[in-house]
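Participant: Let me give you the structure first, and then I'll get to my questions.
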Amino acid sequence: MSQFDRIASLLVGTAGSQEAVLIEGLRIGFSVTKTKDATTNKAQVVVYNLNEDTRNKIGGNVLKTRATLQAGYAEGDGLQNIFTGDITTATTRYDFPDIVTTLDCKDGFKEVQDRLSVSFNAGSKVRDVLNDVMNKLGISRKSSSVVIPNHEFVNGFAFGGPVKDLLDKMLGAVGYTWSFQDGELKFYPKDGKDETLPFDLTAETGLIKAPEKVKDVSGDSGDKEAIPGWNVTSLLLPSLEPGNPIRVSSNALPTPTDFVIERVEHRGDTFGGEYLTSLLVKEI
């Protein structure tokens with residue numbers, strides 16, 4: 001995998017919309033953090049030397065639209081989605097000779113701010129309640145989500161309040177947790193993995209440095225108990241996200257070892273420096 005054919009693009013707005021702005025061919029830097037729990041994923045995207053018209057369009061859409069960042073290697077798998085989320089702030093500074101525009105984004109930001117009231121009869125299935133809630137919110141299910149158990153709310157289900165608390169209560173009833181990943185709702189058993197096939201990470205597929213043991217991989221999740229695991233670093237792998245199973249082979253792990261990704265950090269700049277993915281993983 002070459003480190004000299006970096007590419008990135010940024011779409012501000014909804015794909016297919018006449019008001020959407022596609023930015024490519026410019027210097028783009030980014031820092032993306034994704035976790036497996038309900039903590040809002042976040043990204044900071046820095047774009048250099050946008051023209052005035054584009055800067056004005058982006059500035060006028062803050063808190064009204066979302067950004068989709070793609071990155072990768074031209075001689076590898078090309079552009080791959082690395083983050084989709086709502087823009088929370090957009091600022092521009094003049095750092096001669098550059099004009100630097102910075103976007104701060106959060107995934108699922110608008111959805112978790114919403115409030116919702118629902119009521120379902122006794123015997124309602126958890127799956128049906130979840131589908132109804134998602135339809136009301138206008139959100140879709142991440143395809144890699146694990147199928148919800150076909151349990152029922154024996155005494156019915158009623159709730160009124162923040163969407164975050166609603167999802168916690170509803171999915172917690174079947175031992176599941178949730179997160180927003182690129183604008184879609186993803187759910188899986190607590191301490192479990194999603195439905196994707198394990199990615200084999202070796203020196204040939206991007207692994208750099210030796211994996212290191214860490215005392216806690218929970219990151220910002222707020223878990224009371226430390227979760228031991230490993231810190232794994234690779235060349236940029238945009239497709240990896242929390243909940244994915246991964247199989248790692250290295251000198252530090254001579255026997256291929258299966259993990260689940262708890263936390264992902266993608267960091268890069270198309271003009272040099274880091275272009276990496278850092279993973280906090282725990283053994284399955």
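Just so we're on the same page: first chain in the structure tokens is A, next is B, and so on; residues restart at 1 for each chain, and ligands are numbered from 1 in the order they show up.
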Mind checking which residues fall within 7 Å of Leu236 (chain A), counting only C-alpha atoms, ignoring those fewer than 6 positions away in the same chain, and posting them as a list in words?

Facilitator: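 Once the nearby chain positions are removed, what remains is Gly72, His266, Tyr275, Leu276 and Thr277 of chain A.
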
Participant: Contacts of Lys190 (chain A) at 7 Å or less, counting only C-alpha atoms, minus same-chain residues fewer than 5 places along, as a count of residues only?

Facilitator: 3

Participant: If we count only C-alpha atoms and set the cut-off at 9 Å, which residues sit around Ser119 (chain A), ignoring sequence neighbours fewer than 4 positions away in its own chain? Please answer as a ChimeraX atom specification.

Facilitator: /A:156-160

Participant: Need to verify the contact set: Asn41 (chain A), 7 Å, only C-alpha atoms, exclusion of same-chain residues closer than 3 positions in sequence. Can you return it as a list in words?

Facilitator: Thr33, Lys34, Thr35, Lys106 and Asp107 of chain A

Participant: Which of these residues is nearest to Ile7 (chain A), using only C-alpha atoms: A:Asp168, A:Glu152, A:Asp114, A:Asp269?

Facilitator: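 For Ile7 (chain A), the nearest of the candidates is A:Asp269.
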
Participant: Could you tell me which of A:Ser117, A:Asn244, A:Thr14, A:Thr233 comes closest to Asp165 (chain A) if we count only C-alpha atoms?

Facilitator: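 Smallest distance to Asp165 (chain A) is found for A:Ser117.
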
Participant: Suppose you want the space between CA of Phe96 (chain A) and CA of Tyr73 (chain A); what is it in Å?

Facilitator: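 Going from CA of Phe96 (chain A) over to CA of Tyr73 (chain A) covers 28.7 Å.
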
Participant: Enter the distance from CA of Glu283 (chain A) to CA of Val260 (chain A), in Å, rounded to one decimal.

Facilitator: 6.4 Å

Participant: Enumerate, in order of chain and increasing residue number, the residues of region 21-113 of chain A with an atom no farther than 12 Å from region 122-137 of chain A, each with its shortest atom pair and distance in Å to one decimal, counting only C-alpha atoms, as JSON lines.

Facilitator:
{"residue": "A:Gly108", "atom": "CA", "partner": "A:Leu137", "partner_atom": "CA", "distance": 11.1}
{"residue": "A:Lys110", "atom": "CA", "partner": "A:Leu137", "partner_atom": "CA", "distance": 10.1}
{"residue": "A:Glu111", "atom": "CA", "partner": "A:Leu137", "partner_atom": "CA", "distance": 7.2}
{"residue": "A:Val112", "atom": "CA", "partner": "A:Leu137", "partner_atom": "CA", "distance": 9.9}
{"residue": "A:Gln113", "atom": "CA", "partner": "A:Leu137", "partner_atom": "CA", "distance": 11.2}
